[in-house]
Structures are given as structure tokens and as C-alpha cells.
file input.cif (mmCIF, N, CA and C atoms and all ligand atoms)
data_entry
#
loop_
_atom_site.group_PDB
_atom_site.id
_atom_site.type_symbol
_atom_site.label_atom_id
_atom_site.label_comp_id
_atom_site.auth_asym_id
_atom_site.auth_seq_id
_atom_site.Cartn_x
_atom_site.Cartn_y
_atom_site.Cartn_z
ATOM 1 N N MET Z 769 108.920 -75.879 -66.584
ATOM 2 C CA MET Z 769 108.721 -74.467 -66.931
ATOM 3 C C MET Z 769 110.052 -73.833 -67.291
ATOM 4 N N ALA Z 770 110.091 -73.117 -68.373
ATOM 5 C CA ALA Z 770 111.326 -72.429 -68.771
ATOM 6 C C ALA Z 770 111.493 -71.152 -67.949
ATOM 7 N N VAL Z 771 112.728 -70.902 -67.558
ATOM 8 C CA VAL Z 771 113.031 -69.684 -66.798
ATOM 9 C C VAL Z 771 114.150 -68.920 -67.503
ATOM 10 N N PRO Z 772 114.142 -67.593 -67.408
ATOM 11 C CA PRO Z 772 115.216 -66.819 -68.032
ATOM 12 C C PRO Z 772 116.495 -66.918 -67.219
ATOM 13 N N VAL Z 773 117.604 -67.005 -67.927
ATOM 14 C CA VAL Z 773 118.919 -67.107 -67.288
ATOM 15 C C VAL Z 773 119.861 -66.121 -67.975
ATOM 16 N N VAL Z 774 120.644 -65.402 -67.175
ATOM 17 C CA VAL Z 774 121.654 -64.487 -67.716
ATOM 18 C C VAL Z 774 123.012 -65.167 -67.670
ATOM 19 N N ASP Z 775 123.715 -65.142 -68.802
ATOM 20 C CA ASP Z 775 125.089 -65.628 -68.831
ATOM 21 C C ASP Z 775 126.001 -64.469 -68.406
ATOM 22 N N PRO Z 776 126.594 -64.542 -67.214
ATOM 23 C CA PRO Z 776 127.392 -63.416 -66.714
ATOM 24 C C PRO Z 776 128.644 -63.149 -67.539
ATOM 25 N N ASP Z 777 129.076 -64.142 -68.303
ATOM 26 C CA ASP Z 777 130.260 -63.947 -69.149
ATOM 27 C C ASP Z 777 129.938 -63.127 -70.396
ATOM 28 N N LEU Z 778 128.645 -63.078 -70.764
ATOM 29 C CA LEU Z 778 128.242 -62.339 -71.961
ATOM 30 C C LEU Z 778 127.664 -60.971 -71.626
ATOM 31 N N CYS Z 779 127.030 -60.844 -70.467
ATOM 32 C CA CYS Z 779 126.379 -59.586 -70.093
ATOM 33 C C CYS Z 779 127.391 -58.450 -70.042
ATOM 34 N N THR Z 780 127.046 -57.329 -70.690
ATOM 35 C CA THR Z 780 127.927 -56.155 -70.702
ATOM 36 C C THR Z 780 127.483 -55.107 -69.685
ATOM 37 N N GLY Z 781 126.403 -55.384 -68.962
ATOM 38 C CA GLY Z 781 125.964 -54.460 -67.925
ATOM 39 C C GLY Z 781 125.242 -53.234 -68.444
ATOM 40 N N CYS Z 782 124.584 -53.363 -69.586
ATOM 41 C CA CYS Z 782 123.933 -52.190 -70.189
ATOM 42 C C CYS Z 782 122.656 -51.772 -69.471
ATOM 43 N N GLU Z 783 122.121 -52.645 -68.636
ATOM 44 C CA GLU Z 783 120.938 -52.379 -67.799
ATOM 45 C C GLU Z 783 119.609 -52.375 -68.551
ATOM 46 N N LEU Z 784 119.637 -52.685 -69.852
ATOM 47 C CA LEU Z 784 118.404 -52.628 -70.639
ATOM 48 C C LEU Z 784 117.347 -53.607 -70.119
ATOM 49 N N CYS Z 785 117.773 -54.805 -69.814
ATOM 50 C CA CYS Z 785 116.792 -55.805 -69.364
ATOM 51 C C CYS Z 785 116.147 -55.407 -68.037
ATOM 52 N N THR Z 786 116.903 -54.705 -67.193
ATOM 53 C CA THR Z 786 116.351 -54.303 -65.900
ATOM 54 C C THR Z 786 115.335 -53.181 -66.064
ATOM 55 N N GLN Z 787 115.397 -52.501 -67.202
ATOM 56 C CA GLN Z 787 114.412 -51.450 -67.472
ATOM 57 C C GLN Z 787 113.180 -52.030 -68.149
ATOM 58 N N THR Z 788 113.378 -53.013 -69.010
ATOM 59 C CA THR Z 788 112.251 -53.611 -69.740
ATOM 60 C C THR Z 788 111.458 -54.550 -68.838
ATOM 61 N N ALA Z 789 112.140 -55.374 -68.100
ATOM 62 C CA ALA Z 789 111.487 -56.356 -67.220
ATOM 63 C C ALA Z 789 112.038 -56.158 -65.810
ATOM 64 N N GLU Z 790 111.621 -55.069 -65.202
ATOM 65 C CA GLU Z 790 112.255 -54.629 -63.948
ATOM 66 C C GLU Z 790 111.924 -55.518 -62.766
ATOM 67 N N ASN Z 791 110.885 -56.339 -62.894
ATOM 68 C CA ASN Z 791 110.545 -57.239 -61.787
ATOM 69 C C ASN Z 791 111.230 -58.597 -61.906
ATOM 70 N N THR Z 792 111.923 -58.790 -63.027
ATOM 71 C CA THR Z 792 112.595 -60.066 -63.287
ATOM 72 C C THR Z 792 114.111 -59.947 -63.152
ATOM 73 N N PHE Z 793 114.659 -58.839 -63.671
ATOM 74 C CA PHE Z 793 116.110 -58.663 -63.699
ATOM 75 C C PHE Z 793 116.536 -57.491 -62.817
ATOM 76 N N ALA Z 794 117.711 -57.589 -62.224
ATOM 77 C CA ALA Z 794 118.305 -56.485 -61.466
ATOM 78 C C ALA Z 794 119.811 -56.571 -61.640
ATOM 79 N N MET Z 795 120.485 -55.433 -61.465
ATOM 80 C CA MET Z 795 121.944 -55.417 -61.558
ATOM 81 C C MET Z 795 122.521 -55.864 -60.220
ATOM 82 N N ASN Z 796 123.534 -56.712 -60.263
ATOM 83 C CA ASN Z 796 124.180 -57.124 -59.018
ATOM 84 C C ASN Z 796 125.365 -56.198 -58.709
ATOM 85 N N ASP Z 797 126.045 -56.482 -57.643
ATOM 86 C CA ASP Z 797 127.125 -55.603 -57.201
ATOM 87 C C ASP Z 797 128.302 -55.573 -58.176
ATOM 88 N N ASP Z 798 128.365 -56.571 -59.057
ATOM 89 C CA ASP Z 798 129.427 -56.610 -60.056
ATOM 90 C C ASP Z 798 129.035 -55.873 -61.338
ATOM 91 N N GLY Z 799 127.821 -55.267 -61.363
ATOM 92 C CA GLY Z 799 127.382 -54.565 -62.554
ATOM 93 C C GLY Z 799 126.896 -55.485 -63.656
ATOM 94 N N ILE Z 800 126.499 -56.690 -63.256
ATOM 95 C CA ILE Z 800 126.002 -57.688 -64.195
ATOM 96 C C ILE Z 800 124.540 -57.965 -63.850
ATOM 97 N N ALA Z 801 123.724 -58.155 -64.884
ATOM 98 C CA ALA Z 801 122.318 -58.441 -64.632
ATOM 99 C C ALA Z 801 122.151 -59.846 -64.084
ATOM 100 N N GLU Z 802 121.196 -60.003 -63.181
ATOM 101 C CA GLU Z 802 120.843 -61.336 -62.724
ATOM 102 C C GLU Z 802 119.341 -61.425 -62.551
ATOM 103 N N VAL Z 803 118.864 -62.645 -62.579
ATOM 104 C CA VAL Z 803 117.427 -62.883 -62.434
ATOM 105 C C VAL Z 803 117.089 -62.842 -60.945
ATOM 106 N N ILE Z 804 116.200 -61.932 -60.582
ATOM 107 C CA ILE Z 804 115.769 -61.854 -59.180
ATOM 108 C C ILE Z 804 114.448 -62.584 -58.975
ATOM 109 N N ASN Z 805 113.662 -62.722 -60.050
ATOM 110 C CA ASN Z 805 112.397 -63.450 -59.966
ATOM 111 C C ASN Z 805 112.038 -63.929 -61.371
ATOM 112 N N PRO Z 806 112.184 -65.222 -61.648
ATOM 113 C CA PRO Z 806 111.977 -65.722 -63.017
ATOM 114 C C PRO Z 806 110.557 -65.542 -63.542
ATOM 115 N N THR Z 807 109.613 -65.275 -62.644
ATOM 116 C CA THR Z 807 108.235 -65.022 -63.090
ATOM 117 C C THR Z 807 107.787 -63.616 -62.666
ATOM 118 N N GLY Z 808 108.769 -62.724 -62.536
ATOM 119 C CA GLY Z 808 108.454 -61.365 -62.089
ATOM 120 C C GLY Z 808 107.643 -60.564 -63.090
ATOM 121 N N ASP Z 809 107.825 -60.861 -64.364
ATOM 122 C CA ASP Z 809 107.065 -60.192 -65.423
ATOM 123 C C ASP Z 809 106.441 -61.266 -66.305
ATOM 124 N N ASP Z 810 105.450 -60.865 -67.114
ATOM 125 C CA ASP Z 810 104.829 -61.882 -67.964
ATOM 126 C C ASP Z 810 105.823 -62.311 -69.058
ATOM 127 N N GLU Z 811 105.522 -63.450 -69.650
ATOM 128 C CA GLU Z 811 106.463 -64.074 -70.578
ATOM 129 C C GLU Z 811 106.802 -63.161 -71.749
ATOM 130 N N ALA Z 812 105.814 -62.416 -72.241
ATOM 131 C CA ALA Z 812 106.057 -61.533 -73.389
ATOM 132 C C ALA Z 812 107.035 -60.421 -73.030
ATOM 133 N N THR Z 813 106.924 -59.929 -71.811
ATOM 134 C CA THR Z 813 107.824 -58.861 -71.366
ATOM 135 C C THR Z 813 109.249 -59.394 -71.214
ATOM 136 N N ILE Z 814 109.367 -60.583 -70.655
ATOM 137 C CA ILE Z 814 110.691 -61.191 -70.517
ATOM 138 C C ILE Z 814 111.277 -61.480 -71.896
ATOM 139 N N GLN Z 815 110.428 -61.957 -72.804
ATOM 140 C CA GLN Z 815 110.902 -62.225 -74.168
ATOM 141 C C GLN Z 815 111.394 -60.945 -74.828
ATOM 142 N N GLU Z 816 110.693 -59.837 -74.576
ATOM 143 C CA GLU Z 816 111.112 -58.543 -75.119
ATOM 144 C C GLU Z 816 112.511 -58.192 -74.612
ATOM 145 N N ALA Z 817 112.735 -58.417 -73.324
ATOM 146 C CA ALA Z 817 114.059 -58.147 -72.744
ATOM 147 C C ALA Z 817 115.119 -59.036 -73.390
ATOM 148 N N ILE Z 818 114.771 -60.293 -73.613
ATOM 149 C CA ILE Z 818 115.704 -61.220 -74.260
ATOM 150 C C ILE Z 818 116.043 -60.731 -75.666
ATOM 151 N N ASP Z 819 115.007 -60.317 -76.400
ATOM 152 C CA ASP Z 819 115.203 -59.867 -77.780
ATOM 153 C C ASP Z 819 116.024 -58.579 -77.846
ATOM 154 N N GLN Z 820 115.898 -57.737 -76.821
ATOM 155 C CA GLN Z 820 116.586 -56.440 -76.825
ATOM 156 C C GLN Z 820 118.035 -56.539 -76.372
ATOM 157 N N CYS Z 821 118.374 -57.580 -75.654
ATOM 158 C CA CYS Z 821 119.722 -57.658 -75.071
ATOM 159 C C CYS Z 821 120.778 -57.608 -76.172
ATOM 160 N N PRO Z 822 121.621 -56.579 -76.187
ATOM 161 C CA PRO Z 822 122.609 -56.443 -77.264
ATOM 162 C C PRO Z 822 123.689 -57.515 -77.225
ATOM 163 N N ALA Z 823 123.847 -58.157 -76.090
ATOM 164 C CA ALA Z 823 124.891 -59.177 -75.949
ATOM 165 C C ALA Z 823 124.343 -60.593 -76.127
ATOM 166 N N GLU Z 824 123.017 -60.694 -76.346
ATOM 167 C CA GLU Z 824 122.367 -62.011 -76.439
ATOM 168 C C GLU Z 824 122.744 -62.874 -75.237
ATOM 169 N N ALA Z 825 122.732 -62.226 -74.066
ATOM 170 C CA ALA Z 825 123.187 -62.895 -72.845
ATOM 171 C C ALA Z 825 122.073 -63.615 -72.090
ATOM 172 N N ILE Z 826 120.818 -63.394 -72.510
ATOM 173 C CA ILE Z 826 119.695 -63.992 -71.778
ATOM 174 C C ILE Z 826 119.067 -65.086 -72.637
ATOM 175 N N SER Z 827 118.771 -66.195 -72.000
ATOM 176 C CA SER Z 827 118.118 -67.276 -72.739
ATOM 177 C C SER Z 827 117.120 -67.977 -71.819
ATOM 178 N N TRP Z 828 116.232 -68.717 -72.422
ATOM 179 C CA TRP Z 828 115.295 -69.556 -71.664
ATOM 180 C C TRP Z 828 115.963 -70.898 -71.386
ATOM 181 N N GLN Z 829 115.847 -71.351 -70.172
ATOM 182 C CA GLN Z 829 116.374 -72.664 -69.836
ATOM 183 C C GLN Z 829 115.278 -73.467 -69.142
ATOM 184 N N GLU Z 830 115.215 -74.739 -69.457
ATOM 185 C CA GLU Z 830 114.216 -75.623 -68.819
ATOM 186 C C GLU Z 830 114.669 -75.979 -67.425
HETATM 187 S S1 LIG S 901 120.270 -56.451 -71.575
HETATM 188 FE FE1 LIG S 901 121.811 -58.100 -71.716
HETATM 189 S S2 LIG S 901 123.801 -57.068 -71.649
HETATM 190 FE FE2 LIG S 901 122.259 -55.608 -70.930
HETATM 191 S S3 LIG S 901 122.291 -55.842 -68.692
HETATM 192 FE FE3 LIG S 901 120.673 -57.212 -69.492
HETATM 193 S S4 LIG S 901 121.706 -59.212 -69.774
HETATM 194 FE FE4 LIG S 901 123.281 -57.655 -69.570
#
call {"tool": "encode", "arguments": {"input": "input.cif", "output": "C-alpha cells", "more": "lines below"}}
Ligand code: SF4
result
Amino acid sequence: MAVPVVDPDLCTGCELCTQTAENTFAMNDDGIAEVINPTGDDEATIQEAIDQCPAEAISWQE
């Protein structure tokens, strides 16, 4: 199963993904998004967050 992964070196901390897929992504103490639950939102919602990320920091990984 593919799961979303945030590259912390690319994330700019814009918080967009945490608003689009709020059950999947959250901001950590460093102001970087991280995956809190890879199946927190349906795949289409997670894909929307991936597509919206201005830094292209989120990808699907097997
Ligand atoms: S949308 Fe992208 S750049 Fe913005 S917080 Fe999420 S992972 Fe980081």
C-alpha cells in the first residue's frame, strides 16, 4: 500500500496540507508538516493535498 510521505527538507511549513487533509498531516514542533496517519483521509483528499503543496514536498511511497 502506498503511503504519503513528507520530505522535511522541501517542506516550507505553509500548512496547506494540514488544512486539506487534516486527519493525515499535522505540523510538528519544527514547523514542518508530518504524516500523523497515512490513512487519515481518503486517497483523493490526500492526492489533493499532494497536488496543492507548493514545494512538491509530499509524495506516495510504497
Ligand atoms: S503543503 Fe507542502 S510545503 Fe506546505 S506544509 Fe504541507 S508539505 Fe509543507
call {"tool": "residues_near_ligand", "arguments": {"input": "input.cif", "ligand": "ligand LIG 901 (chain S)", "cutoff": "5 Å", "atoms": "all atoms listed in the file", "output": "ChimeraX atom specification"}}
result
/Z:779-785,801,821-823,825
call {"tool": "write_last_selection", "arguments": {"input": "input.cif", "atoms": "N, CA and C atoms", "output": "short mmCIF file (atom, residue, chain, number, x, y, z; two decimals), keeping the file's coordinate frame"}}
result
data_model
loop_
_atom_site.label_atom_id
_atom_site.label_comp_id
_atom_site.auth_asym_id
_atom_site.auth_seq_id
_atom_site.Cartn_x
_atom_site.Cartn_y
_atom_site.Cartn_z
N CYS Z 779 127.03 -60.84 -70.47
CA CYS Z 779 126.38 -59.59 -70.09
C CYS Z 779 127.39 -58.45 -70.04
N THR Z 780 127.05 -57.33 -70.69
CA THR Z 780 127.93 -56.16 -70.70
C THR Z 780 127.48 -55.11 -69.68
N GLY Z 781 126.40 -55.38 -68.96
CA GLY Z 781 125.96 -54.46 -67.92
C GLY Z 781 125.24 -53.23 -68.44
N CYS Z 782 124.58 -53.36 -69.59
CA CYS Z 782 123.93 -52.19 -70.19
C CYS Z 782 122.66 -51.77 -69.47
N GLU Z 783 122.12 -52.64 -68.64
CA GLU Z 783 120.94 -52.38 -67.80
C GLU Z 783 119.61 -52.38 -68.55
N LEU Z 784 119.64 -52.68 -69.85
CA LEU Z 784 118.40 -52.63 -70.64
C LEU Z 784 117.35 -53.61 -70.12
N CYS Z 785 117.77 -54.80 -69.81
CA CYS Z 785 116.79 -55.80 -69.36
C CYS Z 785 116.15 -55.41 -68.04
N ALA Z 801 123.72 -58.16 -64.88
CA ALA Z 801 122.32 -58.44 -64.63
C ALA Z 801 122.15 -59.85 -64.08
N CYS Z 821 118.37 -57.58 -75.65
CA CYS Z 821 119.72 -57.66 -75.07
C CYS Z 821 120.78 -57.61 -76.17
N PRO Z 822 121.62 -56.58 -76.19
CA PRO Z 822 122.61 -56.44 -77.26
C PRO Z 822 123.69 -57.52 -77.22
N ALA Z 823 123.85 -58.16 -76.09
CA ALA Z 823 124.89 -59.18 -75.95
C ALA Z 823 124.34 -60.59 -76.13
N ALA Z 825 122.73 -62.23 -74.07
CA ALA Z 825 123.19 -62.90 -72.84
C ALA Z 825 122.07 -63.62 -72.09
#
call {"tool": "atom_distance", "arguments": {"input": "input.cif", "atom1": "atom C of Val803 (chain Z)", "atom2": "CA of Ala789 (chain Z)"}}
result
10.6 Å
call {"tool": "atom_distance", "arguments": {"input": "input.cif", "atom1": "atom N of Thr786 (chain Z)", "atom2": "CA of Trp828 (chain Z)"}}
result
15.6 Å
call {"tool": "residues_around", "arguments": {"input": "input.cif", "residues": "Asp810 (chain Z)", "least_positions_apart": "4", "cutoff": "8 Å", "atoms": "all atoms listed in the file", "output": "ChimeraX atom specification"}}
result
/Z:789,792,806,814-816
call {"tool": "select_by_dssp", "arguments": {"input": "input.cif", "residues": "chain Z", "states": "helix (DSSP H, G or I)", "output": "list of chain:residue names"}}
result
Z:Leu784, Z:Cys785, Z:Thr786, Z:Gln787, Z:Thr788, Z:Glu811, Z:Ala812, Z:Thr813, Z:Ile814, Z:Gln815, Z:Glu816, Z:Ala817, Z:Ile818, Z:Asp819, Z:Gln820
call {"tool": "resolve_selection", "arguments": {"input": "input.cif", "expression": "the PyMOL selection byres (((chain Z and resi 769 and name CA) around 12) and not hetatm and name CA)", "output": "JSON, numbers by chain"}}
result
{"Z": [770, 771, 772, 806, 807, 811, 828, 829, 830]}
call {"tool": "atom_distance", "arguments": {"input": "input.cif", "atom1": "atom N of Thr788 (chain Z)", "atom2": "atom N of Thr813 (chain Z)"}}
result
9.9 Å
call {"tool": "axis_aligned_box", "arguments": {"input": "input.cif", "around": "region 807-817 of chain Z", "padding_each_side": "4 Å", "output": "lines of an AutoDock Vina configuration file"}}
result
center_x = 110.0
center_y = -61.7
center_z = -68.6
size_x = 18.3
size_y = 15.1
size_z = 21.0
call {"tool": "decode", "arguments": {"input": "input.cif", "residues": "region 805-819 of chain Z", "atoms": "N, CA and C atoms", "output": "short mmCIF file (atom, residue, chain, number, x, y, z; two decimals), in the first residue's frame"}}
result
data_model
loop_
_atom_site.label_atom_id
_atom_site.label_comp_id
_atom_site.auth_asym_id
_atom_site.auth_seq_id
_atom_site.Cartn_x
_atom_site.Cartn_y
_atom_site.Cartn_z
N ASN Z 805 -1.21 10.15 10.26
CA ASN Z 805 -1.98 8.94 9.98
C ASN Z 805 -2.07 8.78 8.46
N PRO Z 806 -1.33 7.83 7.89
CA PRO Z 806 -1.27 7.72 6.42
C PRO Z 806 -2.61 7.38 5.77
N THR Z 807 -3.57 6.91 6.57
CA THR Z 807 -4.90 6.63 6.02
C THR Z 807 -5.96 7.49 6.72
N GLY Z 808 -5.52 8.65 7.20
CA GLY Z 808 -6.44 9.53 7.94
C GLY Z 808 -7.53 10.12 7.07
N ASP Z 809 -7.23 10.32 5.80
CA ASP Z 809 -8.22 10.85 4.85
C ASP Z 809 -8.26 9.92 3.65
N ASP Z 810 -9.32 10.04 2.84
CA ASP Z 810 -9.38 9.15 1.68
C ASP Z 810 -8.30 9.55 0.66
N GLU Z 811 -8.03 8.63 -0.24
CA GLU Z 811 -6.90 8.80 -1.15
C GLU Z 811 -7.04 10.06 -2.00
N ALA Z 812 -8.26 10.38 -2.41
CA ALA Z 812 -8.46 11.57 -3.25
C ALA Z 812 -8.13 12.85 -2.49
N THR Z 813 -8.46 12.86 -1.21
CA THR Z 813 -8.17 14.04 -0.39
C THR Z 813 -6.67 14.19 -0.19
N ILE Z 814 -6.00 13.08 0.06
CA ILE Z 814 -4.55 13.13 0.22
C ILE Z 814 -3.89 13.55 -1.09
N GLN Z 815 -4.41 13.02 -2.20
CA GLN Z 815 -3.87 13.41 -3.51
C GLN Z 815 -4.04 14.90 -3.75
N GLU Z 816 -5.18 15.44 -3.32
CA GLU Z 816 -5.42 16.88 -3.45
C GLU Z 816 -4.36 17.67 -2.68
N ALA Z 817 -4.05 17.20 -1.48
CA ALA Z 817 -3.02 17.86 -0.67
C ALA Z 817 -1.66 17.78 -1.37
N ILE Z 818 -1.37 16.63 -1.95
CA ILE Z 818 -0.11 16.46 -2.68
C ILE Z 818 -0.04 17.43 -3.85
N ASP Z 819 -1.15 17.52 -4.59
CA ASP Z 819 -1.19 18.39 -5.77
C ASP Z 819 -1.08 19.87 -5.39
#
